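Containing compact mmCIF, C-alpha atoms: final.txt.
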```
# COMPACT_ATOMS: atom_id res chain seq x y z
CA MET N 1319 16.80 16.67 -4.79
CA THR N 1320 17.50 20.06 -3.28
CA GLU N 1321 15.15 22.40 -1.53
CA PRO N 1322 15.42 26.12 -2.18
CA ALA N 1323 16.72 28.39 0.51
CA GLU N 1324 14.04 29.92 2.67
CA PRO N 1325 14.31 33.69 2.63
CA HIS N 1326 10.72 33.91 3.83
CA ALA N 1327 10.89 31.18 6.45
CA HIS N 1328 7.86 30.11 8.40
CA GLN N 1329 6.04 33.22 9.56
CA HIS N 1330 3.10 31.76 11.38
CA GLU N 1331 4.54 32.30 14.85
CA SER N 1332 4.45 36.05 14.33
CA LEU N 1333 0.94 36.18 12.92
CA PRO N 1334 -1.83 37.78 15.00
CA VAL N 1335 -3.79 34.52 14.84
CA ALA N 1336 -0.92 32.68 16.53
CA ALA N 1337 -1.00 35.15 19.41
CA ARG N 1338 -4.77 34.73 19.63
CA VAL N 1339 -4.43 30.95 19.77
CA ARG N 1340 -1.84 31.24 22.54
CA ARG N 1341 -4.08 33.58 24.55
CA LEU N 1342 -7.07 31.30 24.06
CA GLU N 1343 -4.99 28.32 25.16
CA GLU N 1344 -3.94 30.17 28.31
CA ARG N 1345 -7.54 31.10 29.12
CA VAL N 1346 -8.82 27.55 28.59
CA ILE N 1347 -6.06 26.15 30.78
CA ALA N 1348 -6.62 28.83 33.44
CA ALA N 1349 -10.32 27.91 33.48
CA GLY N 1350 -9.36 24.34 34.29
CA LEU N 1351 -10.86 22.94 31.08
CA THR N 1352 -7.63 21.28 29.97
CA THR N 1353 -3.93 21.24 30.74
CA ASP N 1354 -0.71 21.78 28.84
CA ALA N 1355 0.01 18.07 29.18
CA GLU N 1356 -3.37 17.14 27.74
CA ILE N 1357 -2.91 19.41 24.73
CA ASP N 1358 0.60 18.05 24.18
CA GLU N 1359 -0.65 14.49 24.35
CA LEU N 1360 -3.45 15.22 21.89
CA LEU N 1361 -1.03 16.83 19.43
CA THR N 1362 1.47 13.99 19.82
CA ARG N 1363 -1.25 11.46 19.05
CA PHE N 1364 -2.40 13.51 16.05
CA TYR N 1365 1.09 13.85 14.62
CA ALA N 1366 1.86 10.16 15.23
CA ASP N 1367 -0.88 9.32 12.73
CA ALA N 1368 0.07 12.12 10.35
CA ALA N 1369 3.02 11.22 8.16
CA PRO N 1370 3.96 11.06 4.47
CA VAL N 1371 3.99 7.27 4.76
CA ASN N 1372 0.17 7.48 4.66
CA GLY N 1373 0.14 9.25 1.32
CA ALA N 1374 2.87 6.91 0.09
CA ARG N 1375 0.72 3.87 0.88
CA ILE N 1376 -2.15 5.34 -1.13
CA VAL N 1377 0.16 5.99 -4.10
CA ALA N 1378 1.73 2.51 -3.95
CA ARG N 1379 -1.72 0.97 -4.03
CA ALA N 1380 -2.69 3.14 -7.00
CA TRP N 1381 0.48 2.03 -8.82
CA THR N 1382 -0.31 -1.63 -8.33
CA ASP N 1383 -4.08 -1.68 -8.67
CA GLU N 1384 -5.58 -0.05 -11.73
CA GLU N 1385 -9.11 -0.17 -10.38
CA TYR N 1386 -8.05 1.41 -7.10
CA ARG N 1387 -6.28 4.13 -9.07
CA ASP N 1388 -9.52 4.89 -10.92
CA ARG N 1389 -11.47 5.04 -7.66
CA LEU N 1390 -8.79 7.25 -6.10
CA LEU N 1391 -8.89 9.74 -8.94
CA ALA N 1392 -12.71 9.75 -8.93
CA ASP N 1393 -13.14 10.17 -5.15
CA GLY N 1394 -9.97 10.65 -3.12
CA SER N 1395 -11.68 10.66 0.27
CA ALA N 1396 -13.52 7.38 -0.33
CA ALA N 1397 -10.38 5.71 -1.70
CA ALA N 1398 -8.33 6.89 1.28
CA ALA N 1399 -10.99 5.53 3.62
CA GLU N 1400 -10.73 2.14 1.88
CA LEU N 1401 -7.16 1.90 3.18
CA GLY N 1402 -8.21 2.86 6.69
CA PHE N 1403 -7.48 6.58 6.35
CA GLY N 1404 -11.06 7.66 6.96
CA PRO N 1405 -10.23 9.43 10.22
CA GLN N 1406 -7.28 11.19 8.54
CA THR N 1407 -9.49 12.66 5.83
CA SER N 1408 -12.56 13.51 7.89
CA GLY N 1409 -11.98 17.26 7.98
CA PHE N 1410 -11.69 17.88 4.25
CA GLN N 1411 -12.35 16.40 0.82
CA LEU N 1412 -9.33 14.73 -0.74
CA ARG N 1413 -8.67 15.03 -4.45
CA ALA N 1414 -5.88 12.95 -5.95
CA VAL N 1415 -4.29 14.22 -9.16
CA ALA N 1416 -2.10 11.92 -11.24
CA ASN N 1417 1.07 12.85 -13.06
CA THR N 1418 1.66 11.44 -16.53
CA PRO N 1419 4.60 11.93 -18.89
CA GLY N 1420 2.72 14.82 -20.49
CA ARG N 1421 1.18 16.38 -17.42
CA HIS N 1422 2.66 17.32 -14.06
CA ASN N 1423 0.68 18.40 -11.00
CA VAL N 1424 1.87 20.52 -8.11
CA ILE N 1425 -0.03 21.75 -5.07
CA VAL N 1426 0.06 25.07 -3.29
CA CYS N 1427 -2.17 27.13 -1.04
CA THR N 1428 -1.83 30.74 -2.11
CA LEU N 1429 -4.20 32.09 0.55
CA CYS N 1430 -2.75 30.33 3.60
CA SER N 1431 -1.24 26.89 4.05
CA CYS N 1432 -4.00 24.31 3.41
CA TYR N 1433 -2.38 20.91 3.13
CA PRO N 1434 -3.43 17.26 3.68
CA LEU N 1435 -1.38 17.21 6.86
CA SER N 1436 -2.83 13.92 8.08
CA LEU N 1437 -1.64 12.15 4.92
CA LEU N 1438 1.62 14.04 4.30
CA GLY N 1439 2.73 14.97 7.80
CA PRO N 1440 3.36 18.56 8.90
CA SER N 1441 3.95 20.75 5.85
CA PRO N 1442 7.51 21.87 5.09
CA SER N 1443 8.18 25.49 5.98
CA TRP N 1444 8.82 26.41 2.34
CA TYR N 1445 5.27 25.29 1.52
CA ARG N 1446 4.00 28.00 3.87
CA SER N 1447 6.46 30.63 2.69
CA LEU N 1448 5.25 33.66 0.76
CA ALA N 1449 7.93 32.95 -1.84
CA TYR N 1450 6.54 29.53 -2.73
CA ARG N 1451 2.88 30.54 -2.40
CA SER N 1452 3.23 33.46 -4.77
CA GLN N 1453 5.68 32.04 -7.29
CA ALA N 1454 4.15 28.58 -7.62
CA VAL N 1455 1.09 29.96 -9.40
CA ARG N 1456 2.98 32.49 -11.47
CA GLU N 1457 6.08 30.60 -12.56
CA PRO N 1458 5.53 26.95 -11.70
CA ARG N 1459 8.17 25.75 -14.15
CA ALA N 1460 10.81 27.96 -12.57
CA VAL N 1461 9.77 26.90 -9.06
CA LEU N 1462 10.04 23.23 -9.99
CA ALA N 1463 13.44 23.87 -11.57
CA GLY N 1464 14.47 25.39 -8.25
CA PHE N 1465 13.67 22.05 -6.67
CA GLY N 1466 15.83 20.33 -9.26
CA LEU N 1467 12.87 19.16 -11.30
CA ASP N 1468 13.38 20.25 -14.90
CA LEU N 1469 10.32 19.30 -16.90
CA PRO N 1470 10.30 19.17 -20.69
CA ALA N 1471 8.62 22.20 -22.28
CA THR N 1472 6.02 19.80 -23.66
CA THR N 1473 4.90 18.74 -20.18
CA ARG N 1474 1.84 20.68 -19.08
CA ILE N 1475 1.91 21.86 -15.47
CA ASP N 1476 -1.31 22.00 -13.47
CA VAL N 1477 -1.07 24.04 -10.28
CA TRP N 1478 -3.76 23.16 -7.74
CA ASP N 1479 -4.53 26.01 -5.37
CA SER N 1480 -5.87 24.35 -2.21
CA THR N 1481 -8.73 25.47 -0.04
CA SER N 1482 -9.89 24.53 3.43
CA GLU N 1483 -12.50 22.30 1.79
CA ILE N 1484 -10.35 20.48 -0.76
CA ARG N 1485 -6.85 19.13 -0.15
CA TYR N 1486 -4.75 17.59 -2.90
CA LEU N 1487 -2.46 14.61 -3.20
CA VAL N 1488 -0.21 14.16 -6.22
CA VAL N 1489 0.14 10.64 -7.58
CA PRO N 1490 3.63 10.61 -9.08
CA VAL N 1491 4.58 8.61 -12.16
CA ARG N 1492 5.72 5.14 -11.11
CA PRO N 1493 9.47 4.90 -11.60
CA ALA N 1494 10.78 2.57 -14.30
CA GLY N 1495 12.27 -0.73 -13.24
CA THR N 1496 9.99 -1.25 -10.25
CA ASP N 1497 7.86 -4.03 -11.70
CA GLY N 1498 8.89 -6.68 -9.18
CA LEU N 1499 8.53 -4.56 -6.07
CA ARG N 1500 5.99 -5.22 -3.32
CA PRO N 1501 3.59 -2.41 -2.32
CA ASP N 1502 5.57 -1.64 0.85
CA GLU N 1503 8.78 -1.41 -1.19
CA LEU N 1504 7.04 0.89 -3.66
CA ALA N 1505 5.69 3.05 -0.84
CA ALA N 1506 9.23 3.50 0.44
CA LEU N 1507 10.13 5.17 -2.88
CA VAL N 1508 7.46 7.86 -2.52
CA THR N 1509 8.77 11.08 -1.02
CA ARG N 1510 6.85 13.90 0.61
CA ASN N 1511 7.90 16.28 -2.16
CA GLY N 1512 6.73 13.71 -4.68
CA LEU N 1513 3.29 13.86 -3.05
CA ILE N 1514 3.32 17.68 -3.23
CA GLY N 1515 4.56 17.64 -6.81
CA THR N 1516 7.85 19.46 -6.25
CA ALA N 1517 9.79 16.29 -7.08
CA ALA N 1518 9.49 13.28 -9.31
CA VAL N 1519 9.80 9.85 -7.72
CA MET Q 439 -25.16 22.07 -9.47
CA LYS Q 440 -25.21 25.39 -11.24
CA PHE Q 441 -22.04 24.92 -13.29
CA PRO Q 442 -21.42 21.37 -14.54
CA PRO Q 443 -17.87 20.45 -15.67
CA GLY Q 444 -17.05 22.18 -18.92
CA SER Q 445 -18.92 25.37 -17.97
CA ARG Q 446 -17.12 28.64 -18.62
CA VAL Q 447 -17.23 30.80 -15.53
CA ARG Q 448 -15.88 34.23 -14.70
CA ALA Q 449 -14.52 35.15 -11.28
CA ARG Q 450 -16.05 38.18 -9.59
CA THR Q 451 -14.24 41.44 -10.10
CA THR Q 452 -15.29 43.03 -6.81
CA ASP Q 453 -12.99 43.47 -3.84
CA PRO Q 454 -15.30 42.65 -0.93
CA GLY Q 455 -14.80 44.29 2.43
CA HIS Q 456 -14.61 40.90 4.12
CA HIS Q 457 -12.74 37.64 3.89
CA THR Q 458 -13.02 35.94 0.53
CA ARG Q 459 -11.67 32.67 -0.78
CA LEU Q 460 -11.33 34.16 -4.24
CA PRO Q 461 -7.64 34.90 -4.69
CA ARG Q 462 -6.88 38.33 -6.08
CA TYR Q 463 -4.92 36.88 -9.01
CA LEU Q 464 -8.11 35.33 -10.40
CA ARG Q 465 -10.40 38.34 -10.16
CA GLY Q 466 -12.30 38.96 -13.35
CA HIS Q 467 -10.68 36.04 -15.16
CA THR Q 468 -12.57 33.40 -17.09
CA GLY Q 469 -11.94 29.73 -16.51
CA GLU Q 470 -13.45 26.32 -17.07
CA VAL Q 471 -15.06 24.12 -14.43
CA VAL Q 472 -13.12 20.83 -14.33
CA ALA Q 473 -14.59 19.17 -11.23
CA VAL Q 474 -17.39 19.67 -8.76
CA ALA Q 475 -17.12 18.55 -5.14
CA THR Q 476 -19.65 18.13 -2.36
CA PRO Q 477 -21.28 21.38 -1.18
CA GLU Q 478 -19.70 23.12 1.83
CA PRO Q 479 -20.59 26.23 3.85
CA LEU Q 480 -19.23 29.25 1.95
CA PRO Q 481 -16.01 30.38 3.71
CA ASP Q 482 -16.77 34.03 2.85
CA ASP Q 483 -19.88 33.73 5.05
CA VAL Q 484 -18.38 31.47 7.72
CA ALA Q 485 -15.45 33.84 8.31
CA ARG Q 486 -17.89 36.67 9.00
CA GLY Q 487 -19.93 34.59 11.41
CA VAL Q 488 -23.04 34.67 9.22
CA PRO Q 489 -25.56 32.62 11.26
CA GLU Q 490 -26.74 30.54 8.33
CA PRO Q 491 -23.89 30.54 5.81
CA ARG Q 492 -24.73 29.72 2.22
CA VAL Q 493 -23.92 26.13 1.31
CA GLU Q 494 -22.49 25.89 -2.19
CA PRO Q 495 -20.79 23.28 -4.36
CA VAL Q 496 -16.98 23.52 -4.39
CA TYR Q 497 -15.83 23.96 -7.97
CA ALA Q 498 -12.37 23.32 -9.33
CA VAL Q 499 -11.86 25.84 -12.10
CA ARG Q 500 -9.01 25.77 -14.61
CA PHE Q 501 -7.41 29.05 -15.58
CA HIS Q 502 -4.60 29.30 -18.10
CA GLY Q 503 -1.34 30.81 -16.94
CA ALA Q 504 -1.04 32.84 -20.11
CA ASP Q 505 -4.43 34.48 -19.38
CA LEU Q 506 -3.43 35.33 -15.82
CA TRP Q 507 0.14 36.40 -16.27
CA GLY Q 508 0.69 36.80 -19.98
CA CYS Q 509 3.46 34.23 -19.85
CA GLU Q 510 4.22 30.66 -18.71
CA THR Q 511 2.45 27.68 -20.17
CA GLY Q 512 1.26 25.86 -17.05
CA GLY Q 513 -2.47 25.56 -16.45
CA HIS Q 514 -3.77 26.90 -13.15
CA ARG Q 515 -6.62 25.50 -11.18
CA HIS Q 516 -8.39 26.76 -8.16
CA GLY Q 517 -10.54 24.36 -6.23
```
Final structure tokens representation of the file:
Amino acid sequence: MTEPAEPHAHQHESLPVAARVRRLEERVIAAGLTTDAEIDELLTRFYADAAPVNGARIVARAWTDEEYRDRLLADGSAAAAELGFGPQTSGFQLRAVANTPGRHNVIVCTLCSCYPLSLLGPSPSWYRSLAYRSQAVREPRAVLAGFGLDLPATTRIDVWDSTSEIRYLVVPVRPAGTDGLRPDELAALVTRNGLIGTAAV
Amino acid sequence: MKFPPGSRVRARTTDPGHHTRLPRYLRGHTGEVVAVATPEPLPDDVARGVPEPRVEPVYAVRFHGADLWGCETGGHRHG
């Protein structure tokens, strides 16, 4: 699996909102309401619980438990909470979308960079790039080919444009020859890009 | 719920003078509601600091790539 070059690398640092956040942070610290160390600790704790292994566990369970899979596709947030990921999905509604041989799903956020960070870890910089955000909706097949994923012309591609309210998780097709594997072994096969839909598993 | 799954809906054509969650590439296009999620405060209102933002269902709407771009075969959804 290859990732495309990043001509439009992560641009958030230069956005006006980033400068506003920095100024606000300085003011709050200057007012004695918190400290740099406290903010760092909070972020460290948040990121420690935010990793693709969370999404992978959900997928592995869906691969091995048909009824769980049905519940996951019907109500992603409730199904995530079943596995103890309630806190990770408290700020948004989770919708899981399942790939099949005839249908492939891929997620994007054309307006900003909405992403189920708590279940997939920090988003890759290409996910936030203007190149991906604009091309994924217009030429999804070409974008996926750029990731090394060449889908048959007969496979329908559904592009899910995220919002702040709804975040998506792709349930990849379970690889062949994995019948005897335990859930933790299956989870280890699930990649972050597989959960975004820019790779098969 | 105003638009149950299966409803045909058309995105607004207007370009509002404030933040909107309607992406430009969908303006004026017709799609089909495929899923309805729990109501949330409308971001268009929230971003403007409207004191009591409208609370509306969050619809996932399927648009066809060919309708939007005149090419490609992938379906497009906005939710």
Measuring between all atoms listed in the file, which one of Q:Phe441, Q:Ala473, Q:Pro461, Q:Glu494 shows the shortest distance to chain N?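 Answer, going by the shortest atom-to-atom distance: Q:Pro461.
The spacing separating CA of Gln1411 in chain N from CA of Pro479 in chain Q amounts to 13.2 Å.
If only C-alpha atoms are the atoms counted, then among Q:Thr476, Q:Arg450, Q:Met439, Q:Gly444 the closest residue to Arg462 in chain Q is Q:Arg450.
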Which of N:Leu1469, N:Leu1437, N:Ala1380, N:Leu1360 sits closest to chain Q [using only C-alpha atoms]: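 Among the listed residues, the smallest separation from chain Q belongs to N:Leu1469.
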Mind checking which residues fall within 8 Å of Val447 in chain Q, counting all atoms listed in the file, ignoring those fewer than 6 positions away in the same chain, and posting them as a short mmCIF file (atom, residue, chain, number, x, y, z; two decimals) with C-alpha atoms, in the coordinates of the input?
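Written out: selection-v3.cif:
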```
data_model
loop_
_atom_site.label_atom_id
_atom_site.label_comp_id
_atom_site.auth_asym_id
_atom_site.auth_seq_id
_atom_site.Cartn_x
_atom_site.Cartn_y
_atom_site.Cartn_z
CA PHE Q 441 -22.04 24.92 -13.29
CA THR Q 468 -12.57 33.40 -17.09
CA GLY Q 469 -11.94 29.73 -16.51
CA GLU Q 470 -13.45 26.32 -17.07
CA VAL Q 471 -15.06 24.12 -14.43
#
```
Could you jot down the CA of Thr1472 in chain N to CA of Arg1421 in chain N separation for me, Å, one decimal place?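 Result for CA of Thr1472 in chain N versus CA of Arg1421 in chain N: 8.6 Å, one decimal.
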Output the contact residues of chain Q with respect to chain N at a cut-off of 12 Å, based on only C-alpha atoms, as a ChimeraX atom specification. /Q:457-464,472-482,484-485,494-517
CA of Val1488 in chain N to CA of Trp1381 in chain N: how many Å, to one decimal? 12.4 Å
If we count all atoms listed in the file, what is near Pro1490 in chain N at a cut-off of 8 Å, once residues fewer than 3 positions away on the same chain are taken out, given as an NGL selection string? :N and (1377 or 1416-1418 or 1512-1513 or 1515 or 1518-1519)
Using C-alpha atoms, can you write the selected residues to a file as a PDB file, in the frame of the given file?
```pdb
ATOM      1  CA  VAL N1377       0.160   5.990  -4.100  1.00  0.00           C
ATOM      2  CA  ALA N1416      -2.100  11.920 -11.240  1.00  0.00           C
ATOM      3  CA  ASN N1417       1.070  12.850 -13.060  1.00  0.00           C
ATOM      4  CA  THR N1418       1.660  11.440 -16.530  1.00  0.00           C
ATOM      5  CA  GLY N1512       6.730  13.710  -4.680  1.00  0.00           C
ATOM      6  CA  LEU N1513       3.290  13.860  -3.050  1.00  0.00           C
ATOM      7  CA  GLY N1515       4.560  17.640  -6.810  1.00  0.00           C
ATOM      8  CA  ALA N1518       9.490  13.280  -9.310  1.00  0.00           C
ATOM      9  CA  VAL N1519       9.800   9.850  -7.720  1.00  0.00           C
TER      10      VAL N1519
END
```
Output as JSON the centre and edge lengths (Å, one decimal) of the box along x, y and z of the file that holds every listed atom of range 468-486 of chain Q after adding 8 Å on each side.
```
{"center_x": -16.6, "center_y": 27.4, "center_z": -4.0, "size_x": 25.3, "size_y": 34.5, "size_z": 42.1}
```
For Phe1403 in chain N, list every protein, DNA or RNA residue within 9 Å, evaluated using only C-alpha atoms, and leave out those in the same chain fewer than 5 positions away; present the list as JSON, numbers by chain. {"N": [1372, 1395, 1397, 1398, 1408, 1436, 1437]}
Residue among Q:Arg448, Q:Arg486, Q:Arg492, Q:Lys440 lying closest to His467 in chain Q, counting only C-alpha atoms: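 When distances to His467 in chain Q are compared using only C-alpha atoms, the smallest one comes from Q:Arg448.
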Residue with smallest distance to Gly1409 in chain N - pool N:Ala1463, N:Leu1487, N:Leu1435, N:Leu1390, counting only C-alpha atoms: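 Of the candidates, the smallest distance to Gly1409 in chain N is held by N:Leu1435.
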Subset file: range 1492-1505 of chain N, N, CA and C atoms, as a short mmCIF file (atom, residue, chain, number, x, y, z; two decimals), in the first residue's frame:
```cif
data_model
loop_
_atom_site.label_atom_id
_atom_site.label_comp_id
_atom_site.auth_asym_id
_atom_site.auth_seq_id
_atom_site.Cartn_x
_atom_site.Cartn_y
_atom_site.Cartn_z
N ARG N 1492 -13.83 -8.90 5.03
CA ARG N 1492 -12.92 -9.78 5.76
C ARG N 1492 -12.05 -10.55 4.77
N PRO N 1493 -10.73 -10.52 4.98
CA PRO N 1493 -9.86 -11.20 4.01
C PRO N 1493 -10.11 -12.70 3.99
N ALA N 1494 -9.88 -13.30 2.82
CA ALA N 1494 -10.04 -14.75 2.69
C ALA N 1494 -8.96 -15.45 3.50
N GLY N 1495 -9.26 -16.66 3.92
CA GLY N 1495 -8.27 -17.47 4.62
C GLY N 1495 -8.04 -17.08 6.06
N THR N 1496 -9.03 -16.39 6.66
CA THR N 1496 -8.85 -15.95 8.05
C THR N 1496 -9.84 -16.64 8.97
N ASP N 1497 -10.40 -17.75 8.51
CA ASP N 1497 -11.45 -18.41 9.28
C ASP N 1497 -11.03 -18.82 10.69
N GLY N 1498 -9.78 -19.27 10.84
CA GLY N 1498 -9.38 -19.80 12.15
C GLY N 1498 -8.86 -18.74 13.11
N LEU N 1499 -8.82 -17.48 12.68
CA LEU N 1499 -8.17 -16.47 13.51
C LEU N 1499 -9.05 -15.99 14.67
N ARG N 1500 -8.40 -15.69 15.79
CA ARG N 1500 -9.10 -15.12 16.94
C ARG N 1500 -9.39 -13.64 16.66
N PRO N 1501 -10.36 -13.06 17.40
CA PRO N 1501 -10.69 -11.64 17.18
C PRO N 1501 -9.47 -10.71 17.27
N ASP N 1502 -8.57 -10.97 18.24
CA ASP N 1502 -7.42 -10.06 18.36
C ASP N 1502 -6.47 -10.22 17.16
N GLU N 1503 -6.40 -11.44 16.61
CA GLU N 1503 -5.57 -11.64 15.42
C GLU N 1503 -6.21 -10.97 14.21
N LEU N 1504 -7.54 -11.02 14.15
CA LEU N 1504 -8.25 -10.35 13.05
C LEU N 1504 -8.07 -8.84 13.15
N ALA N 1505 -8.18 -8.33 14.38
CA ALA N 1505 -8.06 -6.87 14.58
C ALA N 1505 -6.70 -6.39 14.10
#
```
